[in-house]
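structure-v2.txt follows; it contains compact mmCIF, N, CA and C atoms.
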# COMPACT_ATOMS: atom_id res chain seq x y z
N MET A 252 9.05 -5.87 -42.05
CA MET A 252 8.07 -4.90 -41.66
C MET A 252 7.25 -5.41 -40.47
N ARG A 253 6.91 -6.69 -40.54
CA ARG A 253 6.12 -7.27 -39.47
C ARG A 253 6.92 -7.30 -38.16
N ARG A 254 8.22 -7.59 -38.26
CA ARG A 254 9.07 -7.62 -37.07
C ARG A 254 9.14 -6.24 -36.42
N ILE A 255 9.24 -5.20 -37.23
CA ILE A 255 9.30 -3.83 -36.70
C ILE A 255 8.00 -3.49 -35.98
N PHE A 256 6.89 -3.89 -36.58
CA PHE A 256 5.58 -3.64 -35.97
C PHE A 256 5.47 -4.35 -34.61
N ILE A 257 5.86 -5.61 -34.56
CA ILE A 257 5.79 -6.39 -33.31
C ILE A 257 6.74 -5.80 -32.27
N ALA A 258 7.95 -5.45 -32.69
CA ALA A 258 8.92 -4.88 -31.76
C ALA A 258 8.41 -3.55 -31.20
N THR A 259 7.82 -2.72 -32.05
CA THR A 259 7.28 -1.45 -31.61
C THR A 259 6.11 -1.67 -30.65
N LEU A 260 5.26 -2.62 -30.96
CA LEU A 260 4.12 -2.93 -30.10
C LEU A 260 4.60 -3.42 -28.74
N LEU A 261 5.58 -4.32 -28.72
CA LEU A 261 6.13 -4.82 -27.46
C LEU A 261 6.76 -3.69 -26.65
N PHE A 262 7.47 -2.80 -27.34
CA PHE A 262 8.09 -1.66 -26.67
C PHE A 262 7.04 -0.77 -26.02
N LEU A 263 5.96 -0.49 -26.73
CA LEU A 263 4.90 0.35 -26.18
C LEU A 263 4.20 -0.32 -24.99
N VAL A 264 3.94 -1.62 -25.11
CA VAL A 264 3.30 -2.35 -24.01
C VAL A 264 4.21 -2.37 -22.79
N ALA A 265 5.50 -2.65 -23.00
CA ALA A 265 6.44 -2.68 -21.89
C ALA A 265 6.55 -1.31 -21.22
N GLY A 266 6.59 -0.27 -22.02
CA GLY A 266 6.66 1.09 -21.46
C GLY A 266 5.42 1.43 -20.66
N THR A 267 4.26 1.04 -21.15
CA THR A 267 3.00 1.30 -20.45
C THR A 267 2.97 0.54 -19.12
N VAL A 268 3.38 -0.73 -19.14
CA VAL A 268 3.38 -1.55 -17.92
C VAL A 268 4.35 -0.96 -16.90
N CYS A 269 5.53 -0.56 -17.33
CA CYS A 269 6.52 0.01 -16.42
C CYS A 269 6.03 1.32 -15.80
N SER A 270 5.46 2.18 -16.61
CA SER A 270 4.98 3.46 -16.07
C SER A 270 3.80 3.24 -15.13
N TYR A 271 2.94 2.28 -15.44
CA TYR A 271 1.81 1.96 -14.56
C TYR A 271 2.33 1.40 -13.23
N ALA A 272 3.34 0.53 -13.28
CA ALA A 272 3.90 -0.03 -12.06
C ALA A 272 4.54 1.05 -11.19
N GLN A 273 5.23 2.01 -11.81
CA GLN A 273 5.83 3.10 -11.05
C GLN A 273 4.75 3.96 -10.41
N TYR A 274 3.68 4.19 -11.14
CA TYR A 274 2.58 4.99 -10.61
C TYR A 274 1.95 4.29 -9.41
N GLN A 275 1.78 2.98 -9.48
CA GLN A 275 1.17 2.22 -8.41
C GLN A 275 2.08 2.14 -7.19
N ASP A 276 3.38 2.10 -7.38
CA ASP A 276 4.32 1.96 -6.28
C ASP A 276 4.56 3.26 -5.52
N LYS A 277 4.17 4.37 -6.09
CA LYS A 277 4.42 5.66 -5.45
C LYS A 277 3.56 5.78 -4.20
N GLU A 278 4.22 5.89 -3.08
CA GLU A 278 3.54 6.05 -1.80
C GLU A 278 3.24 7.53 -1.59
N PRO A 279 2.02 7.88 -1.21
CA PRO A 279 1.73 9.30 -1.02
C PRO A 279 2.53 9.87 0.16
N SER A 280 2.92 11.11 0.03
CA SER A 280 3.67 11.76 1.11
C SER A 280 2.73 12.10 2.25
N MET A 281 3.30 12.41 3.39
CA MET A 281 2.49 12.78 4.55
C MET A 281 1.70 14.06 4.26
N GLU A 282 2.29 14.96 3.50
CA GLU A 282 1.59 16.19 3.14
C GLU A 282 0.37 15.89 2.29
N GLU A 283 0.51 14.95 1.35
CA GLU A 283 -0.62 14.57 0.50
C GLU A 283 -1.72 13.90 1.32
N ILE A 284 -1.33 13.06 2.26
CA ILE A 284 -2.31 12.41 3.13
C ILE A 284 -3.04 13.45 3.98
N ALA A 285 -2.28 14.40 4.53
CA ALA A 285 -2.89 15.45 5.35
C ALA A 285 -3.86 16.28 4.51
N GLU A 286 -3.48 16.58 3.28
CA GLU A 286 -4.36 17.35 2.40
C GLU A 286 -5.66 16.60 2.11
N LYS A 287 -5.54 15.30 1.86
CA LYS A 287 -6.73 14.48 1.60
C LYS A 287 -7.63 14.45 2.83
N HIS A 288 -7.05 14.25 4.00
CA HIS A 288 -7.84 14.21 5.23
C HIS A 288 -8.51 15.56 5.49
N THR A 289 -7.82 16.65 5.21
CA THR A 289 -8.41 17.98 5.39
C THR A 289 -9.60 18.15 4.47
N LYS A 290 -9.46 17.75 3.22
CA LYS A 290 -10.58 17.87 2.27
C LYS A 290 -11.76 17.02 2.73
N ASP A 291 -11.48 15.83 3.23
CA ASP A 291 -12.56 14.98 3.75
C ASP A 291 -13.26 15.65 4.94
N LEU A 292 -12.46 16.26 5.81
CA LEU A 292 -13.03 16.89 7.00
C LEU A 292 -13.84 18.13 6.66
N VAL A 293 -13.44 18.86 5.63
CA VAL A 293 -14.21 20.03 5.19
C VAL A 293 -15.63 19.59 4.87
N LYS A 294 -15.76 18.46 4.19
CA LYS A 294 -17.09 17.95 3.80
C LYS A 294 -17.83 17.34 4.99
N LYS A 295 -17.12 16.56 5.80
CA LYS A 295 -17.78 15.79 6.85
C LYS A 295 -18.20 16.64 8.05
N ILE A 296 -17.38 17.61 8.42
CA ILE A 296 -17.71 18.37 9.64
C ILE A 296 -17.87 19.87 9.38
N ASN A 297 -18.00 20.25 8.11
CA ASN A 297 -18.30 21.63 7.72
C ASN A 297 -17.32 22.65 8.31
N LEU A 298 -16.07 22.54 7.91
CA LEU A 298 -15.06 23.48 8.38
C LEU A 298 -15.20 24.82 7.67
N SER A 299 -14.98 25.89 8.42
CA SER A 299 -14.91 27.21 7.78
C SER A 299 -13.56 27.33 7.09
N ASP A 300 -13.36 28.40 6.34
CA ASP A 300 -12.07 28.59 5.64
C ASP A 300 -10.92 28.69 6.63
N ALA A 301 -11.14 29.43 7.72
CA ALA A 301 -10.09 29.59 8.73
C ALA A 301 -9.78 28.24 9.39
N GLN A 302 -10.84 27.50 9.72
CA GLN A 302 -10.64 26.19 10.33
C GLN A 302 -9.91 25.25 9.38
N GLU A 303 -10.26 25.32 8.11
CA GLU A 303 -9.60 24.47 7.12
C GLU A 303 -8.10 24.76 7.10
N PHE A 304 -7.73 26.03 7.16
CA PHE A 304 -6.32 26.40 7.17
C PHE A 304 -5.62 25.82 8.40
N TYR A 305 -6.24 25.99 9.57
CA TYR A 305 -5.62 25.48 10.81
C TYR A 305 -5.55 23.96 10.82
N VAL A 306 -6.62 23.30 10.41
CA VAL A 306 -6.64 21.84 10.40
C VAL A 306 -5.57 21.32 9.45
N ASP A 307 -5.46 21.91 8.28
CA ASP A 307 -4.44 21.50 7.32
C ASP A 307 -3.04 21.68 7.92
N SER A 308 -2.81 22.80 8.56
CA SER A 308 -1.51 23.06 9.19
C SER A 308 -1.21 22.06 10.29
N ILE A 309 -2.20 21.78 11.12
CA ILE A 309 -2.02 20.84 12.23
C ILE A 309 -1.71 19.45 11.68
N LEU A 310 -2.51 19.00 10.73
CA LEU A 310 -2.31 17.65 10.20
C LEU A 310 -0.98 17.51 9.48
N ARG A 311 -0.63 18.50 8.67
CA ARG A 311 0.66 18.43 7.96
C ARG A 311 1.82 18.36 8.95
N THR A 312 1.82 19.26 9.92
CA THR A 312 2.91 19.32 10.89
C THR A 312 3.00 18.02 11.70
N ASN A 313 1.86 17.56 12.18
CA ASN A 313 1.88 16.39 13.05
C ASN A 313 2.11 15.09 12.30
N TYR A 314 1.58 14.97 11.09
CA TYR A 314 1.84 13.76 10.30
C TYR A 314 3.32 13.66 9.95
N VAL A 315 3.90 14.77 9.52
CA VAL A 315 5.33 14.76 9.17
C VAL A 315 6.17 14.50 10.42
N GLY A 316 5.81 15.13 11.54
CA GLY A 316 6.53 14.91 12.79
C GLY A 316 6.46 13.46 13.24
N MET A 317 5.29 12.87 13.14
CA MET A 317 5.13 11.47 13.54
C MET A 317 5.95 10.56 12.63
N LYS A 318 5.89 10.79 11.33
CA LYS A 318 6.65 9.96 10.41
C LYS A 318 8.15 10.08 10.67
N ASP A 319 8.61 11.30 10.93
CA ASP A 319 10.03 11.49 11.23
C ASP A 319 10.42 10.76 12.51
N ALA A 320 9.57 10.84 13.53
CA ALA A 320 9.86 10.16 14.80
C ALA A 320 9.88 8.64 14.61
N LEU A 321 8.94 8.12 13.84
CA LEU A 321 8.92 6.68 13.59
C LEU A 321 10.11 6.24 12.74
N ASP A 322 10.48 7.07 11.77
CA ASP A 322 11.67 6.78 10.96
C ASP A 322 12.93 6.78 11.82
N ASP A 323 13.01 7.72 12.77
CA ASP A 323 14.15 7.76 13.68
C ASP A 323 14.25 6.48 14.50
N LEU A 324 13.10 6.00 14.99
CA LEU A 324 13.10 4.74 15.73
C LEU A 324 13.60 3.60 14.86
N GLN A 325 13.12 3.57 13.63
CA GLN A 325 13.51 2.50 12.72
C GLN A 325 15.01 2.57 12.41
N ARG A 326 15.51 3.78 12.16
CA ARG A 326 16.95 3.95 11.85
C ARG A 326 17.82 3.55 13.04
N SER A 327 17.31 3.77 14.24
CA SER A 327 18.11 3.44 15.43
C SER A 327 18.09 1.94 15.72
N GLY A 328 17.31 1.19 14.95
CA GLY A 328 17.29 -0.26 15.12
C GLY A 328 16.24 -0.73 16.12
N MET A 329 15.38 0.16 16.55
CA MET A 329 14.34 -0.19 17.52
C MET A 329 13.38 -1.19 16.89
N GLN A 330 13.10 -2.27 17.62
CA GLN A 330 12.22 -3.29 17.06
C GLN A 330 11.00 -3.55 17.93
N ASP A 331 10.97 -3.01 19.13
CA ASP A 331 9.85 -3.25 20.03
C ASP A 331 8.62 -2.48 19.55
N PRO A 332 7.53 -3.16 19.19
CA PRO A 332 6.35 -2.48 18.68
C PRO A 332 5.72 -1.53 19.70
N GLU A 333 5.97 -1.78 20.96
CA GLU A 333 5.41 -0.91 22.01
C GLU A 333 5.97 0.51 21.90
N ASN A 334 7.23 0.63 21.54
CA ASN A 334 7.83 1.96 21.36
C ASN A 334 7.18 2.70 20.20
N TYR A 335 6.89 1.99 19.13
CA TYR A 335 6.22 2.59 17.97
C TYR A 335 4.81 3.04 18.34
N ARG A 336 4.10 2.20 19.11
CA ARG A 336 2.75 2.57 19.56
C ARG A 336 2.78 3.81 20.45
N TYR A 337 3.79 3.87 21.33
CA TYR A 337 3.92 5.00 22.24
C TYR A 337 4.13 6.30 21.47
N VAL A 338 5.04 6.29 20.50
CA VAL A 338 5.31 7.47 19.69
C VAL A 338 4.06 7.87 18.90
N ASN A 339 3.40 6.89 18.32
CA ASN A 339 2.17 7.14 17.56
C ASN A 339 1.12 7.78 18.47
N GLN A 340 0.96 7.24 19.68
CA GLN A 340 -0.03 7.77 20.62
C GLN A 340 0.31 9.20 21.04
N GLN A 341 1.58 9.49 21.24
CA GLN A 341 1.99 10.86 21.58
C GLN A 341 1.57 11.84 20.50
N TRP A 342 1.80 11.50 19.25
CA TRP A 342 1.44 12.39 18.15
C TRP A 342 -0.07 12.49 17.98
N GLN A 343 -0.78 11.40 18.22
CA GLN A 343 -2.25 11.46 18.17
C GLN A 343 -2.78 12.40 19.26
N ASP A 344 -2.19 12.31 20.45
CA ASP A 344 -2.62 13.18 21.55
C ASP A 344 -2.36 14.64 21.22
N LYS A 345 -1.21 14.93 20.60
CA LYS A 345 -0.89 16.30 20.18
C LYS A 345 -1.91 16.79 19.16
N THR A 346 -2.24 15.94 18.22
CA THR A 346 -3.21 16.31 17.18
C THR A 346 -4.58 16.57 17.79
N LEU A 347 -5.01 15.69 18.69
CA LEU A 347 -6.32 15.87 19.33
C LEU A 347 -6.38 17.16 20.13
N ALA A 348 -5.31 17.46 20.86
CA ALA A 348 -5.28 18.69 21.66
C ALA A 348 -5.36 19.92 20.77
N ALA A 349 -4.65 19.90 19.66
CA ALA A 349 -4.67 21.04 18.73
C ALA A 349 -6.03 21.17 18.07
N MET A 350 -6.63 20.04 17.69
CA MET A 350 -7.94 20.08 17.03
C MET A 350 -9.02 20.59 17.97
N LYS A 351 -8.89 20.25 19.23
CA LYS A 351 -9.89 20.68 20.21
C LYS A 351 -9.91 22.20 20.32
N LYS A 352 -8.77 22.84 20.09
CA LYS A 352 -8.69 24.30 20.16
C LYS A 352 -9.31 24.96 18.92
N VAL A 353 -9.31 24.26 17.80
CA VAL A 353 -9.75 24.85 16.53
C VAL A 353 -11.22 24.56 16.23
N LEU A 354 -11.70 23.39 16.64
CA LEU A 354 -13.04 22.95 16.28
C LEU A 354 -14.04 23.22 17.41
N ASP A 355 -15.30 23.43 17.05
CA ASP A 355 -16.32 23.52 18.09
C ASP A 355 -16.64 22.11 18.56
N GLU A 356 -17.48 21.99 19.59
CA GLU A 356 -17.73 20.69 20.21
C GLU A 356 -18.28 19.65 19.23
N GLN A 357 -19.26 20.04 18.43
CA GLN A 357 -19.87 19.11 17.48
C GLN A 357 -18.87 18.69 16.39
N GLN A 358 -18.07 19.63 15.93
CA GLN A 358 -17.06 19.32 14.91
C GLN A 358 -15.99 18.40 15.50
N TYR A 359 -15.61 18.65 16.75
CA TYR A 359 -14.60 17.81 17.40
C TYR A 359 -15.10 16.37 17.52
N ILE A 360 -16.35 16.21 17.91
CA ILE A 360 -16.93 14.87 18.00
C ILE A 360 -16.95 14.24 16.61
N GLY A 361 -17.29 15.01 15.59
CA GLY A 361 -17.25 14.51 14.21
C GLY A 361 -15.85 14.08 13.82
N TYR A 362 -14.84 14.84 14.26
CA TYR A 362 -13.46 14.48 13.99
C TYR A 362 -13.11 13.17 14.70
N LEU A 363 -13.53 13.04 15.96
CA LEU A 363 -13.27 11.80 16.70
C LEU A 363 -13.88 10.61 15.97
N ARG A 364 -15.09 10.78 15.47
CA ARG A 364 -15.75 9.70 14.74
C ARG A 364 -14.99 9.41 13.43
N TYR A 365 -14.47 10.44 12.79
CA TYR A 365 -13.73 10.29 11.53
C TYR A 365 -12.47 9.43 11.74
N ILE A 366 -11.80 9.63 12.88
CA ILE A 366 -10.57 8.86 13.14
C ILE A 366 -10.84 7.56 13.88
N GLY A 367 -12.12 7.27 14.17
CA GLY A 367 -12.47 6.00 14.80
C GLY A 367 -12.43 6.00 16.31
N LYS A 368 -12.39 7.18 16.92
CA LYS A 368 -12.33 7.25 18.38
C LYS A 368 -13.61 7.77 19.02
N GLY A 369 -14.63 8.02 18.24
CA GLY A 369 -15.85 8.61 18.76
C GLY A 369 -17.00 7.62 18.87
N LYS A 370 -16.68 6.40 19.23
CA LYS A 370 -17.70 5.36 19.26
C LYS A 370 -18.69 5.56 20.41
N ASP A 371 -18.35 6.41 21.37
CA ASP A 371 -19.25 6.66 22.50
C ASP A 371 -20.34 7.66 22.15
N TYR A 372 -20.28 8.22 20.95
CA TYR A 372 -21.23 9.25 20.54
C TYR A 372 -22.19 8.72 19.48
N LYS A 373 -23.39 9.27 19.54
CA LYS A 373 -24.41 8.92 18.56
C LYS A 373 -25.22 10.17 18.26
N LYS A 374 -25.71 10.26 17.03
CA LYS A 374 -26.51 11.43 16.65
C LYS A 374 -27.90 11.33 17.26
N GLY A 375 -28.35 12.46 17.79
CA GLY A 375 -29.70 12.54 18.32
C GLY A 375 -30.68 12.88 17.21
N LYS A 376 -31.93 12.99 17.57
CA LYS A 376 -32.96 13.31 16.58
C LYS A 376 -32.79 14.71 16.00
N ASP A 377 -32.12 15.57 16.76
CA ASP A 377 -31.88 16.94 16.31
C ASP A 377 -30.65 17.07 15.41
N GLY A 378 -29.96 15.94 15.16
CA GLY A 378 -28.79 15.95 14.28
C GLY A 378 -27.49 16.26 14.98
N LYS A 379 -27.53 16.48 16.29
CA LYS A 379 -26.31 16.76 17.05
C LYS A 379 -25.78 15.46 17.68
N TRP A 380 -24.49 15.48 17.98
CA TRP A 380 -23.84 14.33 18.60
C TRP A 380 -24.04 14.38 20.11
N TYR A 381 -24.34 13.23 20.69
CA TYR A 381 -24.49 13.09 22.13
C TYR A 381 -23.80 11.81 22.56
N LEU A 382 -23.35 11.79 23.84
CA LEU A 382 -22.86 10.54 24.40
C LEU A 382 -24.02 9.56 24.39
N LYS A 383 -23.75 8.32 24.11
CA LYS A 383 -24.81 7.32 24.05
C LYS A 383 -25.55 7.23 25.38
N SER A 384 -24.82 7.37 26.49
CA SER A 384 -25.45 7.30 27.80
C SER A 384 -26.42 8.47 28.01
N GLU A 385 -26.07 9.67 27.53
CA GLU A 385 -26.96 10.83 27.63
C GLU A 385 -28.20 10.64 26.76
N LEU A 386 -28.01 10.05 25.61
CA LEU A 386 -29.12 9.83 24.69
C LEU A 386 -30.14 8.87 25.30
N LYS A 387 -29.64 7.84 25.99
CA LYS A 387 -30.55 6.90 26.65
C LYS A 387 -31.36 7.60 27.73
N LYS A 388 -30.70 8.48 28.50
CA LYS A 388 -31.40 9.24 29.56
C LYS A 388 -32.47 10.14 28.95
N GLN A 389 -32.14 10.79 27.83
CA GLN A 389 -33.09 11.68 27.17
C GLN A 389 -34.31 10.90 26.68
N ASN A 390 -34.08 9.70 26.17
CA ASN A 390 -35.18 8.90 25.64
C ASN A 390 -36.07 8.36 26.76
N LYS A 391 -35.48 8.10 27.94
CA LYS A 391 -36.26 7.61 29.08
C LYS A 391 -37.06 8.72 29.73
N ASN A 392 -36.49 9.93 29.75
CA ASN A 392 -37.13 11.07 30.40
C ASN A 392 -37.44 12.17 29.38
N PRO A 393 -38.37 11.97 28.47
CA PRO A 393 -38.68 13.04 27.51
C PRO A 393 -39.32 14.22 28.21
N GLN A 394 -38.89 15.40 27.83
CA GLN A 394 -39.38 16.61 28.52
C GLN A 394 -40.28 17.40 27.65
Written as structure tokens, that's how I'd like the structure from this file.
Amino acid sequence: MRRIFIATLLFLVAGTVCSYAQYQDKEPSMEEIAEKHTKDLVKKINLSDAQEFYVDSILRTNYVGMKDALDDLQRSGMQDPENYRYVNQQWQDKTLAAMKKVLDEQQYIGYLRYIGKGKDYKKGKDGKWYLKSELKKQNKNPQ
């Protein structure tokens, strides 16, 4: 009886560990990543419903396209990291161009900050984003 109990306990522990390991190893798909980023952007830059739809479509399309292009490079045996950077930059440029059409100026700056490219901008006292150089001019010449 004791052996059956121990064997059953070991079986349950092993099953739990295996299922946990499979869960941890699952890499999120590009669609899931795009969905997460869209949800983050809805909160961070106050997207309307229509904007949310467009942003989600842009991110899904471009993330999947970029992954496919990078996978193609890998399958072809390409090893030069510069080629991977070039492809990545092309897809980032496409995404930025599409986002610029969908978002207003303040939202676009918020998006740039979200992806780490908006370091030239800082929030003013009014809560809007300004170029740091413009903010310095405003502080020197208060009107």
Give the alpha helix (DSSP H) residues of chain A, as assigned by DSSP on the backbone, as number ranges by chain.
A: 253-276, 281-296, 300-326, 332-353, 356-365, 383-391
With all atoms of stretch 313-331 of chain A from the file as input, state the centre and edge lengths in Å to one decimal of the axis-aligned box that has 6 Å extra on each side, as lines of an AutoDock Vina configuration file.
center_x = 9.8
center_y = 7.0
center_z = 14.6
size_x = 28.5
size_y = 33.1
size_z = 22.9
May I ask for the distance between atom N of A:Thr346 and atom C of A:Ile309, given in Å to one decimal place?
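A separation of 7.4 Å between them.
We find atom CA of A:Ile284 and atom CA of A:Gln358 to be spaced 20.1 Å apart.
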Please return as a PDB file with N, CA and C atoms, in the coordinates of the input: the residues of stretch 257-390 of chain A that backbone DSSP assigns to strand (DSSP E or B).
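Full text of part-v9.pdb as output:
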ATOM      1  N   TYR A 372     -20.280   8.220  20.950  1.00  0.00           N
ATOM      2  CA  TYR A 372     -21.230   9.250  20.540  1.00  0.00           C
ATOM      3  C   TYR A 372     -22.190   8.720  19.480  1.00  0.00           C
ATOM      4  N   LYS A 373     -23.390   9.270  19.540  1.00  0.00           N
ATOM      5  CA  LYS A 373     -24.410   8.920  18.560  1.00  0.00           C
ATOM      6  C   LYS A 373     -25.220  10.170  18.260  1.00  0.00           C
ATOM      7  N   LYS A 374     -25.710  10.260  17.030  1.00  0.00           N
ATOM      8  CA  LYS A 374     -26.510  11.430  16.650  1.00  0.00           C
ATOM      9  C   LYS A 374     -27.900  11.330  17.260  1.00  0.00           C
ATOM     10  N   TRP A 380     -24.490  15.480  17.980  1.00  0.00           N
ATOM     11  CA  TRP A 380     -23.840  14.330  18.600  1.00  0.00           C
ATOM     12  C   TRP A 380     -24.040  14.380  20.110  1.00  0.00           C
ATOM     13  N   TYR A 381     -24.340  13.230  20.690  1.00  0.00           N
ATOM     14  CA  TYR A 381     -24.490  13.090  22.130  1.00  0.00           C
ATOM     15  C   TYR A 381     -23.800  11.810  22.560  1.00  0.00           C
ATOM     16  N   LEU A 382     -23.350  11.790  23.840  1.00  0.00           N
ATOM     17  CA  LEU A 382     -22.860  10.540  24.400  1.00  0.00           C
ATOM     18  C   LEU A 382     -24.020   9.560  24.390  1.00  0.00           C
TER      19      LEU A 382
END
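The two atoms in question, atom CA of A:Lys379 and atom C of A:Glu303, are spaced 22.2 Å apart.
The closest residue to A:Gln343, picked from A:Lys318, A:Asp331, A:Lys387, A:Arg326 and counting only C-alpha atoms, is A:Lys318.
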Residue with the minimum atom-to-atom distance to A:Leu347, picked from A:Leu310, A:Leu324, A:Met329, A:Met281 with only C-alpha atoms counted, is A:Leu310
Can you give me N, CA, C and O atoms for stretch 294-305 of chain A, written as a PDB file, keeping the file's coordinate frame?
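Output (result.pdb):
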ATOM      1  N   LYS A 294     -15.760  18.460   4.190  1.00  0.00           N
ATOM      2  CA  LYS A 294     -17.090  17.950   3.800  1.00  0.00           C
ATOM      3  C   LYS A 294     -17.830  17.340   4.990  1.00  0.00           C
ATOM      4  O   LYS A 294     -19.018  17.566   5.165  1.00  0.00           O
ATOM      5  N   LYS A 295     -17.120  16.560   5.800  1.00  0.00           N
ATOM      6  CA  LYS A 295     -17.780  15.790   6.850  1.00  0.00           C
ATOM      7  C   LYS A 295     -18.200  16.640   8.050  1.00  0.00           C
ATOM      8  O   LYS A 295     -19.247  16.379   8.638  1.00  0.00           O
ATOM      9  N   ILE A 296     -17.380  17.610   8.420  1.00  0.00           N
ATOM     10  CA  ILE A 296     -17.710  18.370   9.640  1.00  0.00           C
ATOM     11  C   ILE A 296     -17.870  19.870   9.380  1.00  0.00           C
ATOM     12  O   ILE A 296     -17.878  20.666  10.311  1.00  0.00           O
ATOM     13  N   ASN A 297     -18.000  20.250   8.110  1.00  0.00           N
ATOM     14  CA  ASN A 297     -18.300  21.630   7.720  1.00  0.00           C
ATOM     15  C   ASN A 297     -17.320  22.650   8.310  1.00  0.00           C
ATOM     16  O   ASN A 297     -17.697  23.524   9.082  1.00  0.00           O
ATOM     17  N   LEU A 298     -16.070  22.540   7.910  1.00  0.00           N
ATOM     18  CA  LEU A 298     -15.060  23.480   8.380  1.00  0.00           C
ATOM     19  C   LEU A 298     -15.200  24.820   7.670  1.00  0.00           C
ATOM     20  O   LEU A 298     -15.488  24.863   6.471  1.00  0.00           O
ATOM     21  N   SER A 299     -14.980  25.890   8.420  1.00  0.00           N
ATOM     22  CA  SER A 299     -14.910  27.210   7.780  1.00  0.00           C
ATOM     23  C   SER A 299     -13.560  27.330   7.090  1.00  0.00           C
ATOM     24  O   SER A 299     -12.680  26.473   7.257  1.00  0.00           O
ATOM     25  N   ASP A 300     -13.360  28.400   6.340  1.00  0.00           N
ATOM     26  CA  ASP A 300     -12.070  28.590   5.640  1.00  0.00           C
ATOM     27  C   ASP A 300     -10.920  28.690   6.630  1.00  0.00           C
ATOM     28  O   ASP A 300      -9.853  28.110   6.421  1.00  0.00           O
ATOM     29  N   ALA A 301     -11.140  29.430   7.720  1.00  0.00           N
ATOM     30  CA  ALA A 301     -10.090  29.590   8.730  1.00  0.00           C
ATOM     31  C   ALA A 301      -9.780  28.240   9.390  1.00  0.00           C
ATOM     32  O   ALA A 301      -8.618  27.879   9.583  1.00  0.00           O
ATOM     33  N   GLN A 302     -10.840  27.500   9.720  1.00  0.00           N
ATOM     34  CA  GLN A 302     -10.640  26.190  10.330  1.00  0.00           C
ATOM     35  C   GLN A 302      -9.910  25.250   9.380  1.00  0.00           C
ATOM     36  O   GLN A 302      -9.046  24.486   9.798  1.00  0.00           O
ATOM     37  N   GLU A 303     -10.260  25.320   8.110  1.00  0.00           N
ATOM     38  CA  GLU A 303      -9.600  24.470   7.120  1.00  0.00           C
ATOM     39  C   GLU A 303      -8.100  24.760   7.100  1.00  0.00           C
ATOM     40  O   GLU A 303      -7.285  23.840   7.051  1.00  0.00           O
ATOM     41  N   PHE A 304      -7.730  26.030   7.160  1.00  0.00           N
ATOM     42  CA  PHE A 304      -6.320  26.400   7.170  1.00  0.00           C
ATOM     43  C   PHE A 304      -5.620  25.820   8.400  1.00  0.00           C
ATOM     44  O   PHE A 304      -4.547  25.213   8.286  1.00  0.00           O
ATOM     45  N   TYR A 305      -6.240  25.990   9.570  1.00  0.00           N
ATOM     46  CA  TYR A 305      -5.620  25.480  10.810  1.00  0.00           C
ATOM     47  C   TYR A 305      -5.550  23.960  10.820  1.00  0.00           C
ATOM     48  O   TYR A 305      -4.528  23.380  11.205  1.00  0.00           O
TER      49      TYR A 305
END
